[in-house]
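To keep things clear, I will list the structure first and then write my remarks on it.
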Amino acid sequence: MKRHGAKSINQIIEFSAVFPSVIRIASKICEYFVQRFEKTMLKAIQILGSSSVFVSQRWRYHNCCGFSIISCSSSRTPTATSLVMLTSPTRKIRCFRAFRASTIRSESNTDGLSSSSSPSSAASVQSTKNEERIDCGQEMEGGSVRKINFCQWCGGPTKHDIPEGEEKIRAICTLCGKISYQNPKMVVGCLIAHGNKILLCQRKIQPSYGRWTLPAGYLEIGESAAEGAIRETWEEAGADVEVQSPFAQLDIPLIGQTYIIFLAKLKNPHFSPGPESLDCRLFALDDIPFDSLAFSSMLVTLKLYIEDTKSNGRPKFHYGTINKRPGTSPSDIQSYTLDFHLQS
């Protein structure tokens, strides 16, 4: 019995001598895999932040466990549950907490057309394509200008100041120093005349659900204005068209948009509603539903076209600025002035 007890004690002593080394090795292994996971998470956040779906993170410092994301915003996903890693600089302890990501939305302006992302058929749901122009981490600040609170590259907080050599206040990241610029969006579309009639689409998405418009939408990266107009016409009206000439460029400074509308003709007489259209129809010039048009830009474009064809039979090229009359509702497409109108 004594020999057996002595042997057990010796084994315990030997194990105790090795135990710290085992613990250190296990700790190193755990730390290695956690660091790898941490880097992967950060890289994923950076990729998301630089993609078309802007992601904004808010970071908070914890005395006991380093930095953590306390909120996240996505311009496409209404809500989503994700994991937050809290890193302790002293004890090297990691823990995970769930948080909710919420979408930052603003009111849709009446002249906001859809771009070419996934369509939605629900009238009560804001168009996904319309939402793409809303950057996360921003607050509305008069018109379509937004106050950017967080850097779209690193997620750091921004300060608002006038950069050296510039004249306007910009959002400057306090961490990486990058400057966020807000630039106008370009909308392209086609005015298609066929047999003295105009092809119009009835919108199946918000804003302006059920109203009529020329096939048009946001220009994509990597395509020309004419290519974008042809693409949008195919997506919304199922029509294969040939662009003939530019017809109108209309600037809308209030909402930060520029419209370029091309004259186009059908390559064949076939067309049908796309996923974002309830109906597509050819209208005689005297039958165009002016009281049911979707946007002021469409109203101006069609009126200019009718004036040209009735006056000299040949469309001109038009440039102008559409300004809403002060105090009128954004949904009132008739309340506007066409300023700086040039034609050739």
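If you're wondering about the labels, chains in the structure tokens are A, B, ... by order shown, residues count from 1 in each chain, ligands from 1 in order shown.
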
Sorted per-residue table, stretch 176-199 of chain A near stretch 275-293 of chain A, closest atoms and distance, 8 Å, only C-alpha atoms, as a tab-separated table:
residue	atom	partner	partner_atom	distance
A:His194	CA	A:Leu282	CA	7.8
A:Asn196	CA	A:Ala284	CA	6.4
A:Lys197	CA	A:Ala284	CA	4.4
A:Ile198	CA	A:Phe283	CA	5.2
A:Leu199	CA	A:Leu282	CA	4.4

Writer output for current selection, N, CA and C atoms, as an mmCIF file, in the first residue's frame:
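Generated file (out-v1.cif):
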data_model
loop_
_atom_site.group_PDB
_atom_site.id
_atom_site.type_symbol
_atom_site.label_atom_id
_atom_site.label_comp_id
_atom_site.auth_asym_id
_atom_site.auth_seq_id
_atom_site.Cartn_x
_atom_site.Cartn_y
_atom_site.Cartn_z
ATOM 1 N N HIS A 194 -42.812 54.724 -81.450
ATOM 2 C CA HIS A 194 -43.124 53.614 -82.372
ATOM 3 C C HIS A 194 -44.505 53.872 -82.957
ATOM 4 N N ASN A 196 -45.812 56.725 -84.052
ATOM 5 C CA ASN A 196 -46.381 57.949 -83.460
ATOM 6 C C ASN A 196 -46.947 57.710 -82.054
ATOM 7 N N LYS A 197 -46.419 56.688 -81.389
ATOM 8 C CA LYS A 197 -46.815 56.408 -80.006
ATOM 9 C C LYS A 197 -45.567 56.293 -79.138
ATOM 10 N N ILE A 198 -45.748 56.474 -77.827
ATOM 11 C CA ILE A 198 -44.643 56.440 -76.865
ATOM 12 C C ILE A 198 -44.825 55.251 -75.932
ATOM 13 N N LEU A 199 -43.736 54.514 -75.708
ATOM 14 C CA LEU A 199 -43.784 53.359 -74.806
ATOM 15 C C LEU A 199 -43.590 53.814 -73.360
#

Within 12 Å of stretch 229-245 of chain A, which residues of stretch 260-341 of chain A show up? Give each one with its shortest atom-to-atom distance in Å (one decimal) and the two atoms involved, counting only C-alpha atoms, rows by chain then rising residue number, as JSON lines.
{"residue": "A:Ile260", "atom": "CA", "partner": "A:Ala229", "partner_atom": "CA", "distance": 8.6}
{"residue": "A:Ile261", "atom": "CA", "partner": "A:Ala229", "partner_atom": "CA", "distance": 7.8}
{"residue": "A:Phe262", "atom": "CA", "partner": "A:Ser245", "partner_atom": "CA", "distance": 5.7}
{"residue": "A:Leu263", "atom": "CA", "partner": "A:Ser245", "partner_atom": "CA", "distance": 5.4}
{"residue": "A:Ala264", "atom": "CA", "partner": "A:Val243", "partner_atom": "CA", "distance": 4.3}
{"residue": "A:Lys265", "atom": "CA", "partner": "A:Glu242", "partner_atom": "CA", "distance": 5.5}
{"residue": "A:Leu266", "atom": "CA", "partner": "A:Val241", "partner_atom": "CA", "distance": 4.5}
{"residue": "A:Lys267", "atom": "CA", "partner": "A:Val241", "partner_atom": "CA", "distance": 5.3}
{"residue": "A:Asn268", "atom": "CA", "partner": "A:Asp240", "partner_atom": "CA", "distance": 7.0}
{"residue": "A:Pro269", "atom": "CA", "partner": "A:Ala239", "partner_atom": "CA", "distance": 8.2}
{"residue": "A:His270", "atom": "CA", "partner": "A:Ala239", "partner_atom": "CA", "distance": 6.4}
{"residue": "A:Phe271", "atom": "CA", "partner": "A:Ala239", "partner_atom": "CA", "distance": 4.6}
{"residue": "A:Ser272", "atom": "CA", "partner": "A:Gly238", "partner_atom": "CA", "distance": 5.1}
{"residue": "A:Pro273", "atom": "CA", "partner": "A:Ala237", "partner_atom": "CA", "distance": 4.9}
{"residue": "A:Gly274", "atom": "CA", "partner": "A:Glu236", "partner_atom": "CA", "distance": 4.5}
{"residue": "A:Pro275", "atom": "CA", "partner": "A:Glu236", "partner_atom": "CA", "distance": 6.9}
{"residue": "A:Glu276", "atom": "CA", "partner": "A:Glu236", "partner_atom": "CA", "distance": 6.1}
{"residue": "A:Ser277", "atom": "CA", "partner": "A:Glu236", "partner_atom": "CA", "distance": 6.0}
{"residue": "A:Leu278", "atom": "CA", "partner": "A:Glu236", "partner_atom": "CA", "distance": 9.5}
{"residue": "A:Asp279", "atom": "CA", "partner": "A:Ala237", "partner_atom": "CA", "distance": 8.3}
{"residue": "A:Cys280", "atom": "CA", "partner": "A:Ala237", "partner_atom": "CA", "distance": 6.2}
{"residue": "A:Arg281", "atom": "CA", "partner": "A:Ala237", "partner_atom": "CA", "distance": 9.1}
{"residue": "A:Leu282", "atom": "CA", "partner": "A:Ala237", "partner_atom": "CA", "distance": 11.1}
{"residue": "A:Pro315", "atom": "CA", "partner": "A:Ser245", "partner_atom": "CA", "distance": 9.9}
{"residue": "A:Lys316", "atom": "CA", "partner": "A:Ser245", "partner_atom": "CA", "distance": 9.9}
{"residue": "A:Phe317", "atom": "CA", "partner": "A:Ser245", "partner_atom": "CA", "distance": 8.8}
{"residue": "A:His318", "atom": "CA", "partner": "A:Ser245", "partner_atom": "CA", "distance": 11.7}

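Each of A:Val187, A:Ile192, A:Cys151, A:Thr321 was checked against A:Glu220 using only C-alpha atoms; the smallest atom-to-atom distance is that of A:Val187.
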
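Taking atom CA of A:Cys201 as the reference point, atom CA of A:Leu302 is found at 13.5 Å.
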